[in-house]
Amino acid sequence: MSREIKRIAVFTSGGDAPGMNAAIRAVVRTAAYNDLHVYGISRGYEGMIDGELSRLDVRDVGNIIHRGGTMLKTARSQRFITAEGRKMAYESLLAYDIDACIAIGGNGTFTGADIFSKEYDIPFIGVPGTIDNDLYGTDFTVGFDTAVNTAIEAVDKIRDTADSHNRLFFVEVMGRNSGFIALSTAICTGAGSVLIPEIHTSIEELIDLLKKGVKRKKLFSVVIVAEGHPQGGAAQIAQKVKDAFDYYDTKVAIIGHLQRGGSPTGFDRLLASRLGFAAVEALLQGKSNVMVGLVHDSISYTPFAEAIKNDKPLNNDLVRMAEVLAI
Ligand code: F6P
């Protein structure tokens with residue numbers, strides 16, 4: 001029989017993502033609407049271990065829907081990986097009479113939640129918040145759309161200078177083990193090529209492709225590189241390629257953590273609101289140890305163990321289209 005839920009805790013963990021605040025707001029307000037008490041945990045699992053919980057009321061989450069970052073702060077906790085750390089975290093939750101938790105984060109966050117939920121009887125619901133979009137069980141994660149838009153804005157600017165100087169630019173975007181940000185950015189900026197970990201492209205194939213572009217009178221070229229590419233980051237790949245071109249001057253730009261900040265897009269605010277709302281409703285329906293997600297515009301529930309397997313497929317139609325449109 002599922003337990004009665006009266007007090008819940010919410011936290012953000014792992015890399016921050018634009019829209020996390022909108023998700024916190026949705027959790028707090030949906031909980032309050034249902035007469036639940038909500039506690040915010042600071043700094044993710046670190047704060048859970050150290051007992052950093054404080055009451056969150058509906059007004060505490062006012063004026064945050066448009067803000068990047070996370071009002072609850074975040075961390076990548078090494079201590080939560082240990083059994084001792086998780087025991088301390090459990091004791092903190094007991095001390096505050098917490099009946100259930102809502103975790104907003106990505107792969108590492110749900111890996112921790114999955115282990116914890118097998119050891120202790122406190123239900124967790126996950127809200128996918130990561131710019132990487134690499135969680136199985138949701139078409140989009142909170143923060144992905146904003147990160148892609150930030151990358152697009154940066155690449156648009158790079159195109160201006162690349163065009164003026166006839167340069168070959170390698171632009172590195174984030175996405176630890178996945179090419180979602182890179183692929184979308186490449187399509188939206190009309191990049192000459194995209195290098196992503198999911199698809200093996202050799203240096204020879206890349207040189208060949210870029211040379212075809214020169215023959216077709218491409219005056220400049222931009223290659224988007226996902227940071228997790230097996231051949232290395234943008235700087236290493238540029239190094240391997242540059243001697244093959246005397247026509248182009250080769251340059252590198254790494255967008256980096258710019259992609260993690262900024263005001264969330266409308267898409268991310270809506271997604272975060274829907275998922276935060278759905279997470280509280282899931283707890284009230286007795287669900288536990290699942291990530292809420294959006295699949296074909298409907299709410300779905302995926303066990304943590306499946307969400308984190310790192311096998312969310314890229315859309316192959318997009319990959320093929322990116323190649324065709326870059327001709
Ligand atoms: O998981 C989100 C992410 O931004 C990845 O794309 C990136 O590899 C990583 O976090 C960077 O982590 P940190 O902020 O700890 O440097």
# chains A, B, ... in the order shown; residues from 1 in each chain; ligands from 1

call {"tool": "select_by_dssp", "arguments": {"residues": "stretch 188-311 of chain A", "states": "helix (DSSP H, G or I)", "output": "number ranges by chain"}}
result
A: 188-189, 203-215, 234-244, 256-260, 266-284, 304-307

call {"tool": "residues_near_ligand", "arguments": {"ligand": "ligand 1", "cutoff": "10 Å", "atoms": "only C-alpha atoms and all ligand atoms", "output": "VMD selection string"}}
result
chain A and resid 14 to 17 75 to 76 105 to 108 129 to 134 143 to 144 147 173 to 179 181 226 to 228 256 to 261

call {"tool": "closest_residue", "arguments": {"among": "A:Lys118, A:His200, A:Arg274, A:Arg320", "to": "A:Ser298", "atoms": "only C-alpha atoms"}}
result
A:Arg274

call {"tool": "closest_atom_pairs", "arguments": {"of": "stretch 228-276 of chain A", "to": "stretch 185-197 of chain A", "cutoff": "10 Å", "atoms": "only C-alpha atoms", "output": "JSON lines"}}
result
{"residue": "A:Gly228", "atom": "CA", "partner": "A:Pro197", "partner_atom": "CA", "distance": 6.0}
{"residue": "A:His229", "atom": "CA", "partner": "A:Pro197", "partner_atom": "CA", "distance": 4.5}
{"residue": "A:Pro230", "atom": "CA", "partner": "A:Pro197", "partner_atom": "CA", "distance": 6.2}
{"residue": "A:Gln231", "atom": "CA", "partner": "A:Pro197", "partner_atom": "CA", "distance": 8.8}
{"residue": "A:Gly232", "atom": "CA", "partner": "A:Pro197", "partner_atom": "CA", "distance": 9.9}
{"residue": "A:Gly233", "atom": "CA", "partner": "A:Leu195", "partner_atom": "CA", "distance": 9.6}
{"residue": "A:Ala234", "atom": "CA", "partner": "A:Leu195", "partner_atom": "CA", "distance": 9.3}
{"residue": "A:Ile237", "atom": "CA", "partner": "A:Leu195", "partner_atom": "CA", "distance": 9.7}

call {"tool": "closest_residue", "arguments": {"among": "A:Lys73, A:Lys251, A:Lys287, A:His296", "to": "A:Gln239", "atoms": "only C-alpha atoms"}}
result
A:Lys251

call {"tool": "closest_residue", "arguments": {"among": "A:Asn63, A:Asn316, A:Thr30, A:Ser273", "to": "A:Val127", "atoms": "only C-alpha atoms"}}
result
A:Ser273

call {"tool": "select_by_dssp", "arguments": {"residues": "stretch 155-295 of chain A", "states": "strand (DSSP E)", "output": "PyMOL selection string"}}
result
chain A and resi 167-173+193-195+221-226+249-254+290-295

call {"tool": "atom_distance", "arguments": {"atom1": "atom CA of A:Asn34", "atom2": "atom CA of A:Ile125"}}
result
16.7 Å

call {"tool": "closest_residue", "arguments": {"among": "A:Glu323, A:Lys211, A:Ala103, A:Tyr45", "to": "A:Ala244", "atoms": "only C-alpha atoms"}}
result
A:Lys211

call {"tool": "residues_around", "arguments": {"residues": "A:Thr250", "least_positions_apart": "3", "cutoff": "7 Å", "atoms": "only C-alpha atoms", "output": "number ranges by chain"}}
result
A: 167-169, 238, 242

call {"tool": "closest_residue", "arguments": {"among": "A:Ile224, A:Ala235, A:Val142, A:Tyr39", "to": "A:Val155", "atoms": "only C-alpha atoms"}}
result
A:Ile224

call {"tool": "closest_residue", "arguments": {"among": "A:Gly40, A:Pro264, A:Pro303, A:Gly137", "to": "A:Leu93", "atoms": "only C-alpha atoms"}}
result
A:Gly40
